[in-house]
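Trainee: Pasting my_file11.cif below, which is mmCIF, C-alpha atoms and all ligand atoms.
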```cif
data_query
loop_
_atom_site.label_atom_id
_atom_site.label_comp_id
_atom_site.auth_asym_id
_atom_site.auth_seq_id
_atom_site.Cartn_x
_atom_site.Cartn_y
_atom_site.Cartn_z
CA MET A 1 0.00 0.00 0.00
CA ARG A 2 2.83 2.41 0.85
CA GLU A 3 4.58 1.65 -2.43
CA ALA A 4 1.28 2.47 -4.17
CA GLY A 5 1.33 5.92 -2.58
CA LEU A 6 -1.31 5.16 0.03
CA ARG A 7 -1.32 6.38 3.63
CA VAL A 8 -1.67 3.20 5.68
CA GLY A 9 -3.44 2.61 8.98
CA VAL A 10 -5.69 0.17 10.82
CA ASP A 11 -9.04 0.94 12.41
CA GLU A 12 -10.29 -0.36 15.76
CA PHE A 13 -12.00 -3.33 14.07
CA GLY A 14 -8.73 -4.52 12.53
CA ASN A 15 -9.57 -3.29 9.03
CA LEU A 16 -6.51 -2.25 7.02
CA ILE A 17 -7.01 1.09 5.28
CA GLY A 18 -4.85 2.73 2.61
CA SER A 19 -5.94 6.21 1.58
CA ARG A 20 -5.12 8.73 -1.07
CA PRO A 21 -6.59 12.10 -0.09
CA SER A 22 -8.20 14.52 -2.52
CA GLU A 23 -10.30 17.64 -2.66
CA LEU A 24 -13.87 16.28 -2.85
CA GLY A 25 -15.78 15.07 0.18
CA SER A 26 -16.95 11.61 -0.77
CA ALA A 27 -14.49 8.76 -1.20
CA LEU A 28 -14.18 5.99 -3.76
CA LEU A 29 -13.72 2.79 -1.78
CA ALA A 30 -12.37 -0.45 -3.25
CA GLY A 31 -11.24 -3.65 -1.60
CA SER A 32 -12.35 -6.94 -0.12
CA HIS A 33 -11.31 -9.13 2.84
CA LEU A 34 -7.98 -10.65 3.92
CA ASP A 35 -9.14 -13.55 6.10
CA THR A 36 -9.83 -17.00 4.71
CA VAL A 37 -11.19 -20.43 5.71
CA PRO A 38 -9.19 -23.49 6.83
CA GLN A 39 -7.65 -25.07 3.72
CA GLY A 40 -8.75 -22.04 1.72
CA GLY A 41 -7.10 -20.76 -1.43
CA MET A 42 -5.17 -17.57 -2.15
CA PHE A 43 -7.79 -15.75 -4.23
CA ASP A 44 -10.94 -15.51 -2.10
CA GLY A 45 -10.84 -12.01 -0.66
CA ALA A 46 -7.15 -11.23 -1.02
CA LEU A 47 -7.54 -10.82 -4.80
CA GLY A 48 -9.91 -7.86 -4.37
CA VAL A 49 -7.54 -6.21 -1.91
CA VAL A 50 -4.54 -6.63 -4.20
CA ALA A 51 -6.57 -5.39 -7.20
CA ALA A 52 -7.54 -2.21 -5.30
CA ILE A 53 -3.88 -1.60 -4.36
CA GLU A 54 -2.84 -2.24 -7.96
CA CYS A 55 -5.28 0.46 -9.11
CA ALA A 56 -3.72 2.86 -6.60
CA ARG A 57 -0.24 1.89 -7.84
CA VAL A 58 -1.15 2.58 -11.48
CA LEU A 59 -2.59 5.99 -10.54
CA HIS A 60 0.42 6.78 -8.34
CA GLU A 61 3.07 5.77 -10.86
CA GLY A 62 1.21 7.50 -13.69
CA GLY A 63 1.08 10.69 -11.60
CA ARG A 64 -2.66 10.75 -12.10
CA SER A 65 -4.74 12.61 -9.53
CA LEU A 66 -8.39 11.89 -8.77
CA ARG A 67 -11.06 14.38 -7.73
CA HIS A 68 -12.35 11.97 -5.08
CA PRO A 69 -10.27 10.52 -2.26
CA PHE A 70 -9.46 6.87 -3.00
CA VAL A 71 -9.42 4.30 -0.23
CA ALA A 72 -8.23 0.69 -0.53
CA ILE A 73 -9.70 -1.40 2.26
CA ALA A 74 -8.96 -4.90 3.54
CA PHE A 75 -11.70 -6.12 5.86
CA ALA A 76 -10.24 -8.25 8.65
CA GLU A 77 -12.91 -10.89 9.17
CA GLU A 78 -15.47 -11.79 6.53
CA GLU A 79 -15.68 -15.57 6.30
CA GLY A 80 -17.02 -16.06 9.79
CA TYR A 81 -14.74 -18.98 10.54
CA THR A 82 -13.13 -17.63 13.72
CA PHE A 83 -16.26 -16.50 15.57
CA GLY A 84 -19.04 -18.18 13.57
CA SER A 85 -20.29 -14.79 12.35
CA GLY A 86 -19.87 -13.78 8.69
CA THR A 87 -19.01 -10.26 7.44
CA LEU A 88 -18.07 -9.51 11.05
CA SER A 89 -15.66 -6.62 10.36
CA SER A 90 -17.94 -4.72 8.01
CA ARG A 91 -20.96 -5.25 10.26
CA SER A 92 -18.94 -4.12 13.30
CA LEU A 93 -17.77 -1.06 11.36
CA LEU A 94 -21.38 -0.13 10.56
CA GLY A 95 -22.81 -0.84 13.99
CA GLU A 96 -24.78 -3.89 12.84
CA MET A 97 -22.85 -6.06 15.30
CA PRO A 98 -23.39 -4.20 18.57
CA ARG A 99 -20.31 -3.59 20.69
CA ASP A 100 -21.86 -5.21 23.77
CA GLN A 101 -21.89 -8.53 21.87
CA PHE A 102 -18.14 -8.47 21.14
CA SER A 103 -17.34 -10.38 24.34
CA GLU A 104 -19.95 -13.05 23.50
CA LEU A 105 -18.24 -14.03 20.25
CA VAL A 106 -15.71 -16.72 21.13
CA ASP A 107 -13.20 -18.62 18.98
CA ARG A 108 -12.39 -22.32 19.37
CA SER A 109 -9.77 -21.60 22.03
CA GLY A 110 -12.17 -19.53 24.14
CA ARG A 111 -10.72 -16.16 23.15
CA THR A 112 -13.31 -13.46 22.56
CA TYR A 113 -13.63 -11.07 19.61
CA ASP A 114 -13.22 -8.26 22.12
CA GLU A 115 -9.90 -9.72 23.31
CA TYR A 116 -8.65 -10.03 19.72
CA LEU A 117 -9.45 -6.39 19.00
CA ARG A 118 -7.77 -5.18 22.21
CA ALA A 119 -4.68 -7.36 21.75
CA ARG A 120 -3.80 -6.15 18.26
CA ALA A 121 -0.21 -4.96 18.05
CA HIS A 122 0.36 -4.23 14.37
CA GLY A 123 2.46 -1.13 14.94
CA LEU A 124 0.43 0.85 12.40
CA PRO A 125 -1.24 4.19 13.06
CA GLN A 126 -4.96 4.33 13.69
CA ALA A 127 -7.05 5.08 10.61
CA HIS A 128 -10.75 5.47 9.85
CA VAL A 129 -12.93 4.56 6.92
CA PRO A 130 -14.45 7.83 5.64
CA ALA A 131 -18.15 8.32 6.36
CA GLN A 132 -18.96 9.99 3.03
CA VAL A 133 -18.64 7.40 0.29
CA ARG A 134 -19.33 7.92 -3.42
CA ALA A 135 -19.15 4.14 -4.09
CA TYR A 136 -17.74 0.85 -2.82
CA ILE A 137 -16.45 -1.59 -5.45
CA GLU A 138 -15.33 -5.11 -4.64
CA LEU A 139 -13.52 -7.34 -7.12
CA HIS A 140 -13.88 -11.00 -6.15
CA ALA A 141 -13.51 -14.48 -7.60
CA GLU A 142 -16.91 -15.83 -8.63
CA GLN A 143 -16.43 -18.99 -6.54
CA GLY A 144 -18.78 -20.79 -8.92
CA PRO A 145 -18.60 -22.29 -12.43
CA HIS A 146 -20.63 -19.81 -14.54
CA LEU A 147 -18.00 -17.42 -15.92
CA GLU A 148 -15.67 -20.26 -16.85
CA ARG A 149 -18.54 -22.13 -18.51
CA MET A 150 -19.40 -18.99 -20.52
CA ALA A 151 -15.68 -18.54 -21.38
CA LYS A 152 -15.79 -14.94 -20.07
CA GLN A 153 -13.15 -13.12 -18.06
CA VAL A 154 -15.21 -10.63 -16.12
CA ALA A 155 -18.79 -9.92 -15.00
CA SER A 156 -20.76 -7.28 -13.17
CA VAL A 157 -22.80 -8.55 -10.20
CA ASP A 158 -26.49 -7.59 -10.14
CA GLN A 159 -27.37 -8.90 -6.69
CA ILE A 160 -26.18 -10.95 -3.74
CA VAL A 161 -28.57 -13.77 -3.00
CA GLY A 162 -30.52 -13.88 0.25
CA SER A 163 -29.92 -16.55 2.86
CA GLN A 164 -31.71 -18.09 5.81
CA ARG A 165 -30.21 -20.35 8.45
CA THR A 166 -31.13 -22.10 11.65
CA VAL A 167 -30.27 -25.04 13.90
CA VAL A 168 -32.75 -27.92 14.23
CA THR A 169 -32.50 -30.18 17.28
CA PHE A 170 -34.20 -33.58 17.57
CA GLU A 171 -34.50 -35.10 21.06
CA GLY A 172 -34.94 -38.81 21.69
CA ARG A 173 -33.63 -41.08 24.42
CA ALA A 174 -29.98 -42.10 24.85
CA ALA A 175 -29.72 -45.81 25.65
CA HIS A 176 -27.43 -48.85 25.44
CA ALA A 177 -26.75 -49.80 21.82
CA GLY A 178 -26.68 -53.51 22.63
CA THR A 179 -29.38 -54.11 25.20
CA THR A 180 -32.11 -51.84 23.75
CA PRO A 181 -34.27 -53.72 21.20
CA MET A 182 -34.95 -51.88 17.95
CA ASP A 183 -38.62 -51.33 18.77
CA ARG A 184 -37.80 -49.67 22.12
CA ARG A 185 -35.57 -46.93 20.75
CA ALA A 186 -36.01 -43.20 20.30
CA ASP A 187 -32.97 -42.56 18.11
CA ALA A 188 -32.61 -38.81 17.57
CA LEU A 189 -30.05 -39.26 14.79
CA LEU A 190 -32.60 -41.12 12.62
CA GLY A 191 -34.77 -38.00 12.77
CA GLY A 192 -31.71 -35.95 11.81
CA ALA A 193 -30.88 -38.28 8.91
CA GLU A 194 -34.39 -37.98 7.50
CA PHE A 195 -34.28 -34.23 7.91
CA VAL A 196 -31.00 -33.96 5.93
CA LEU A 197 -32.79 -35.66 3.02
CA ALA A 198 -35.83 -33.39 3.43
CA VAL A 199 -33.66 -30.24 3.15
CA ASN A 200 -32.06 -31.64 0.02
CA GLU A 201 -35.48 -32.39 -1.49
CA ILE A 202 -36.78 -28.89 -0.76
CA ALA A 203 -33.78 -27.31 -2.53
CA THR A 204 -33.69 -29.79 -5.41
CA ALA A 205 -37.40 -29.23 -6.11
CA SER A 206 -36.72 -25.50 -6.58
CA ASN A 207 -35.25 -26.17 -10.05
CA GLY A 208 -32.33 -23.82 -9.53
CA ARG A 209 -34.19 -21.08 -7.66
CA GLY A 210 -32.56 -22.03 -4.39
CA VAL A 211 -29.94 -24.18 -2.72
CA GLY A 212 -30.10 -25.88 0.66
CA THR A 213 -27.42 -27.44 2.85
CA VAL A 214 -27.02 -29.24 6.16
CA GLY A 215 -23.34 -28.57 6.80
CA GLU A 216 -22.98 -29.43 10.45
CA LEU A 217 -24.43 -32.39 12.31
CA HIS A 218 -23.75 -33.42 15.90
CA ALA A 219 -25.01 -36.58 17.61
CA TYR A 220 -25.04 -36.68 21.42
CA PRO A 221 -23.53 -38.12 23.48
CA GLY A 222 -21.54 -39.27 20.42
CA ALA A 223 -20.32 -42.73 21.37
CA ARG A 224 -20.26 -45.95 19.35
CA ASN A 225 -22.24 -47.92 21.89
CA VAL A 226 -24.86 -45.32 22.76
CA ILE A 227 -28.06 -44.64 20.80
CA PRO A 228 -28.02 -40.88 20.11
CA GLY A 229 -30.41 -39.13 22.50
CA LYS A 230 -30.05 -35.79 20.78
CA THR A 231 -28.93 -34.49 17.40
CA ALA A 232 -28.42 -30.91 16.23
CA LEU A 233 -28.18 -29.89 12.55
CA SER A 234 -27.37 -26.61 10.85
CA VAL A 235 -29.67 -25.73 7.95
CA GLU A 236 -29.01 -23.08 5.34
CA PHE A 237 -31.00 -21.95 2.31
CA ARG A 238 -29.92 -19.40 -0.29
CA SER A 239 -31.94 -17.97 -3.15
CA GLN A 240 -32.25 -15.15 -5.65
CA ASP A 241 -35.88 -14.95 -4.58
CA ASP A 242 -37.06 -13.85 -1.13
CA THR A 243 -40.43 -15.56 -1.65
CA TRP A 244 -38.74 -18.90 -2.24
CA LEU A 245 -36.65 -18.43 0.92
CA THR A 246 -39.79 -17.90 2.98
CA SER A 247 -41.45 -20.99 1.53
CA ALA A 248 -38.29 -23.11 1.98
CA ARG A 249 -38.20 -22.08 5.64
CA GLU A 250 -41.84 -23.04 6.11
CA ARG A 251 -41.37 -26.37 4.37
CA ALA A 252 -38.30 -27.17 6.49
CA ASP A 253 -40.23 -26.32 9.68
CA GLY A 254 -43.06 -28.56 8.49
CA ALA A 255 -40.73 -31.44 7.61
CA ALA A 256 -39.01 -31.25 11.02
CA GLY A 257 -42.37 -31.40 12.79
CA LYS A 258 -43.62 -34.31 10.67
CA ILE A 259 -40.43 -36.33 11.12
CA ALA A 260 -40.45 -35.74 14.88
CA GLY A 261 -44.12 -36.77 15.09
CA ARG A 262 -43.62 -39.95 13.11
CA ARG A 263 -40.51 -40.94 15.07
CA LYS A 264 -41.87 -39.78 18.46
CA LEU A 265 -39.00 -37.35 18.97
CA GLY A 266 -38.95 -33.89 20.42
CA VAL A 267 -37.95 -31.12 18.00
CA ARG A 268 -36.80 -27.54 18.36
CA VAL A 269 -36.13 -25.09 15.54
CA THR A 270 -34.18 -22.03 16.72
CA PRO A 271 -35.39 -18.76 15.14
CA TRP A 272 -34.22 -18.40 11.54
CA THR A 273 -31.71 -15.63 10.81
CA GLY A 274 -30.28 -14.31 7.58
CA SER A 275 -30.59 -11.62 4.98
CA LEU A 276 -32.81 -10.72 2.08
CA VAL A 277 -31.66 -10.52 -1.52
CA GLN A 278 -29.37 -7.46 -1.76
CA PRO A 279 -29.32 -5.73 -5.16
CA MET A 280 -26.16 -3.92 -6.23
CA ASP A 281 -26.50 -0.22 -7.10
CA SER A 282 -27.89 0.12 -10.62
CA GLY A 283 -25.81 3.20 -11.51
CA LEU A 284 -22.66 1.42 -10.40
CA GLN A 285 -23.63 -1.68 -12.39
CA GLN A 286 -23.96 0.58 -15.45
CA ALA A 287 -20.52 2.08 -14.77
CA ILE A 288 -18.95 -1.38 -14.43
CA LEU A 289 -20.67 -2.63 -17.61
CA ALA A 290 -19.53 0.47 -19.52
CA ALA A 291 -15.95 -0.08 -18.31
CA MET A 292 -16.23 -3.71 -19.43
CA ARG A 293 -17.43 -2.74 -22.90
CA LEU A 294 -14.66 -0.14 -23.21
CA ALA A 295 -12.12 -2.87 -22.45
CA GLY A 296 -13.67 -5.09 -25.13
CA HIS A 297 -15.64 -7.44 -22.90
CA ASP A 298 -19.23 -8.58 -23.35
CA ALA A 299 -21.66 -7.06 -20.86
CA VAL A 300 -22.03 -10.13 -18.64
CA THR A 301 -24.07 -9.92 -15.43
CA LEU A 302 -24.15 -12.60 -12.73
CA SER A 303 -25.70 -12.96 -9.29
CA SER A 304 -23.49 -13.79 -6.34
CA TRP A 305 -24.47 -16.95 -4.48
CA ALA A 306 -21.96 -16.17 -1.74
CA GLY A 307 -22.20 -13.36 0.81
CA HIS A 308 -19.76 -10.44 0.60
CA ASP A 309 -18.89 -7.24 2.45
CA ALA A 310 -20.38 -5.41 -0.56
CA GLY A 311 -23.78 -6.80 0.50
CA ILE A 312 -23.41 -5.04 3.87
CA LEU A 313 -22.09 -1.73 2.51
CA ALA A 314 -24.83 -1.73 -0.18
CA ARG A 315 -27.39 -0.97 2.54
CA TYR A 316 -25.85 2.50 2.96
CA VAL A 317 -23.76 3.52 -0.05
CA PRO A 318 -23.81 2.68 -3.78
CA SER A 319 -22.00 -0.67 -4.00
CA GLY A 320 -21.02 -2.93 -6.85
CA MET A 321 -19.00 -6.04 -7.52
CA ILE A 322 -16.77 -7.28 -10.32
CA PHE A 323 -16.47 -11.05 -10.70
CA VAL A 324 -13.55 -12.91 -12.27
CA PRO A 325 -13.74 -16.67 -12.98
CA SER A 326 -12.88 -19.48 -10.61
CA THR A 327 -11.18 -22.34 -12.43
CA GLY A 328 -13.42 -25.42 -12.20
CA GLY A 329 -15.81 -23.35 -10.08
CA ILE A 330 -13.63 -24.25 -7.08
CA SER A 331 -13.28 -22.02 -4.03
CA HIS A 332 -12.61 -22.47 -0.29
CA ALA A 333 -10.03 -25.10 -1.30
CA PRO A 334 -6.26 -24.99 -1.90
CA GLU A 335 -6.83 -25.57 -5.67
CA GLU A 336 -8.71 -22.27 -5.91
CA HIS A 337 -7.44 -20.40 -8.96
CA THR A 338 -8.26 -17.52 -11.28
CA PRO A 339 -6.38 -17.40 -14.60
CA TRP A 340 -3.95 -14.44 -14.53
CA PRO A 341 -5.26 -12.89 -17.79
CA ALA A 342 -8.71 -12.74 -16.12
CA VAL A 343 -7.16 -11.17 -13.00
CA GLU A 344 -5.63 -8.52 -15.25
CA ALA A 345 -8.92 -8.00 -17.11
CA GLY A 346 -10.91 -7.64 -13.88
CA THR A 347 -8.40 -5.23 -12.35
CA HIS A 348 -8.43 -3.16 -15.54
CA VAL A 349 -12.25 -2.95 -15.33
CA LEU A 350 -11.96 -1.95 -11.65
CA LEU A 351 -9.57 0.89 -12.52
CA GLU A 352 -11.71 2.01 -15.47
CA THR A 353 -14.80 2.02 -13.22
CA ILE A 354 -12.98 4.11 -10.61
CA LEU A 355 -11.95 6.64 -13.29
CA ARG A 356 -15.54 6.79 -14.62
CA LEU A 357 -17.02 7.38 -11.18
CA ASP A 358 -14.35 9.97 -10.44
CA ALA A 359 -15.31 11.91 -13.56
CA THR A 360 -19.00 12.08 -12.63
CA ASP A 361 -20.75 13.70 -9.69
CA GLY A 362 -22.84 11.13 -7.89
CA THR A 363 -24.79 11.44 -4.70
CA GLY A 364 -23.07 8.63 -2.80
CA GLY A 365 -24.11 7.95 0.76
CA THR A 366 -23.12 8.03 4.40
CA LEU A 367 -21.73 5.05 6.31
CA PRO A 368 -23.02 4.94 9.92
CA LEU A 369 -19.52 4.33 11.30
CA ALA A 370 -19.47 2.76 14.77
CA TYR A 371 -16.03 4.00 15.82
CA ALA A 372 -15.70 4.69 19.53
CA ALA A 373 -12.87 7.22 19.34
CA ARG A 374 -12.58 9.68 16.49
ZN ZN A 401 -14.65 -13.84 -0.06
#
```
Re-express the file's structure as structure tokens.
Ligand SMILES: [Zn+2]
Mentor:
Amino acid sequence: MREAGLRVGVDEFGNLIGSRPSELGSALLAGSHLDTVPQGGMFDGALGVVAAIECARVLHEGGRSLRHPFVAIAFAEEEGYTFGSGTLSSRSLLGEMPRDQFSELVDRSGRTYDEYLRARAHGLPQAHVPAQVRAYIELHAEQGPHLERMAKQVASVDQIVGSQRTVVTFEGRAAHAGTTPMDRRADALLGGAEFVLAVNEIATASNGRGVGTVGELHAYPGARNVIPGKTALSVEFRSQDDTWLTSARERADGAAGKIAGRRKLGVRVTPWTGSLVQPMDSGLQQAILAAMRLAGHDAVTLSSWAGHDAGILARYVPSGMIFVPSTGGISHAPEEHTPWPAVEAGTHVLLETILRLDATDGTGGTLPLAYAAR
């Protein structure tokens, strides 16, 4: 960031900020996140950060000034792996994760989010994300197969799909796996097994409108010679259609109740949480598509089936995303790759979009920054 002429600092939520001041009030923000998942690849998140810095470097080395301040940002925690809470840094920044809950978020070693934030010793000056923002643009790997299948190098994102998630718990009776006859059992895991299939059926029947996953399943007490007395399953649905999400939720609730009734198990569905479909700013989509056409690309638009910081910022300021392909549609794996010519194409479109936005006067918006000390 320093080599790209940016003034570097870190804010109180651990977000790395590189800024290039200018005369106008509202800033052009570009970036992504720097955290990853266990066994993740090198492109998810980091690519968007590096692309934003590369844009700053090109402007810096070309001696080109912008009317708007430019800020490259690297969000610290987006994946949600450490504390089980996705887009944590951007939601903390915007007050959507209240400060009094920081000490309730705990990692696998028992360390709290609050402790992490207090313990940081990066040796960098304190910095702040500007409140007045003309636009936020995030370049990211698609993490799916569509761009590669279409043989395209870059796309503009029209929306980030909505998602709903919960935990379903079936309760039966733990008992000896040898001495309890089959007709005297209340095996909670059998309810869980049926429910996994039900979630899959609900999503499969949507014909591409939605996806559904049980990604975590725990049987208690979890011993070879004990019939599971309790099982807890995570359920997640995602869709481009809020109506489908609502109906998927209802059908999952119904299936859980039916399975529990038939198998004489207790069942508990914790309240569903999640987000609605988040459209990207239409003006920004037009700017990205125009930049794509200028660079000789077809005007390709895709929806994002993964959540991103852009989906959080989009609630307050014009936000847009640029997708580049993921080889084999693979992400969250060491094999994750984006062909370098596509990386170059996407970064070029990012720079061209920044220049376009800089040349026009837009309204922008205000980020409700949750900084304690300013
Ligand atoms: Zn990501």
Trainee: So, counting all atoms listed in the file, which residue among A:Arg99, A:Thr231, A:Ala223, A:Glu79 is closest to Pro38 of chain A?
Mentor: A:Glu79
Trainee: Residues contacting ligand ZN 401 (chain A) - anything with an atom at most 10 Å away, using only C-alpha atoms and all ligand atoms - can you give me those as a PyMOL selection string?
Mentor: chain A and resi 32-37+43-48+77-79+87+138-143+306-309+331-332
Trainee: Calculated over all atoms listed in the file, which of the candidates A:Ala205, A:Val267, A:Ala155, A:Ala256 has the smallest distance to Gln286 of chain A?
Mentor: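 Counting all atoms listed in the file, the residue closest to Gln286 of chain A is A:Ala155.
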Trainee: If you measure from atom CA of Ile259 of chain A to atom CA of Gly192 of chain A, what distance in Å do you get, rounded to one decimal?
Mentor: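 Separation of atom CA of Ile259 of chain A and atom CA of Gly192 of chain A: 8.8 Å.
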Trainee: Give me, please, the distance in Å between atom CA of Thr301 of chain A and atom CA of Val317 of chain A, quoted to one decimal.
Mentor: 20.4 Å
Trainee: Mind giving me the axis-aligned box for segment 80-83 of chain A with 4 Å on every side, centre plus edges in Å to one decimal, as JSON?
Mentor:
```
{"center_x": -15.1, "center_y": -17.5, "center_z": 12.7, "size_x": 11.9, "size_y": 10.9, "size_z": 13.8}
```
Trainee: Between A:Asp281, A:Glu148, A:Asp241, A:Glu171, which is the closest to Gly362 of chain A once you count all atoms listed in the file?
Mentor: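 Residue with the minimum atom-to-atom distance to Gly362 of chain A: A:Asp281.
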Trainee: Considering only C-alpha atoms, return as a PyMOL selection string whatever protein or nucleic-acid residues lie within 7 Å of segment 125-136 of chain A, sequence-local ones (same chain, fewer than 4 positions apart) excluded.
Mentor: chain A and resi 9-11+17+25-30+317-320+362-369
Trainee: Counting all atoms listed in the file, note down every residue that has an atom within 12 Å of the point (-21.1, -8.2, -22.3) (file coordinates), as a compact mmCIF listing (two decimals) with C-alpha atoms, in the frame of the given file.
Mentor:
```txt
# COMPACT_ATOMS: atom_id res chain seq x y z
CA LEU A 147 -18.00 -17.42 -15.92
CA MET A 150 -19.40 -18.99 -20.52
CA ALA A 151 -15.68 -18.54 -21.38
CA LYS A 152 -15.79 -14.94 -20.07
CA GLN A 153 -13.15 -13.12 -18.06
CA VAL A 154 -15.21 -10.63 -16.12
CA ALA A 155 -18.79 -9.92 -15.00
CA SER A 156 -20.76 -7.28 -13.17
CA GLN A 286 -23.96 0.58 -15.45
CA ILE A 288 -18.95 -1.38 -14.43
CA LEU A 289 -20.67 -2.63 -17.61
CA ALA A 290 -19.53 0.47 -19.52
CA ALA A 291 -15.95 -0.08 -18.31
CA MET A 292 -16.23 -3.71 -19.43
CA ARG A 293 -17.43 -2.74 -22.90
CA LEU A 294 -14.66 -0.14 -23.21
CA ALA A 295 -12.12 -2.87 -22.45
CA GLY A 296 -13.67 -5.09 -25.13
CA HIS A 297 -15.64 -7.44 -22.90
CA ASP A 298 -19.23 -8.58 -23.35
CA ALA A 299 -21.66 -7.06 -20.86
CA VAL A 300 -22.03 -10.13 -18.64
CA THR A 301 -24.07 -9.92 -15.43
CA LEU A 302 -24.15 -12.60 -12.73
```
Trainee: Find the residues near Val8 of chain A: any atom within 10 Å, counting only C-alpha atoms, skip ones fewer than 2 places away on the same chain, and give them as a list in words.
Mentor: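 Surrounding residues, per the criterion: Met1, Arg2, Gly5, Leu6, Val10, Leu16, Ile17, Gly18, Ser19, Arg20, Val71, Ala72, Ile73, Leu124, Pro125, Gln126 and Ala127 of chain A.
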Trainee: Applying 10 Å and only C-alpha atoms, which residues near Arg238 of chain A remain after dropping the ones on its own chain fewer than 2 positions away? List them as a list in words.
Mentor: Ile160, Val161, Gly162, Ser163, Gln164, Arg165, Ala203, Arg209, Gly210, Val211, Gly212, Thr213, Glu236, Gln240, Asp241, Asp242, Trp244, Leu245, Ala248, Gly274, Ser275, Leu276, Val277, Trp305, Ala306 and Gly307 of chain A
Trainee: Using only C-alpha atoms, pick whichever of A:Ile354, A:Ala119, A:Ile202, A:Leu217 has the shortest atom-to-atom distance to Arg249 of chain A.
Mentor: A:Ile202
Trainee: Could you state the separation of atom CA of Gln159 of chain A and atom CA of Ser303 of chain A in Å, given to one decimal place?
Mentor: 5.1 Å
Trainee: Return the single residue from A:Thr246, A:Thr273, A:Thr338, A:Ser89 that is closest to Leu313 of chain A, with distances computed using only C-alpha atoms.
Mentor: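 Ranked by minimum distance to Leu313 of chain A, first place goes to A:Ser89.
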Trainee: Would you mind telling me which residue in A:Thr204, A:Gln285, A:Thr243, A:Asn15 lies nearest to His122 of chain A when using only C-alpha atoms?
Mentor: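 Of all the options, A:Asn15 lies closest to His122 of chain A.
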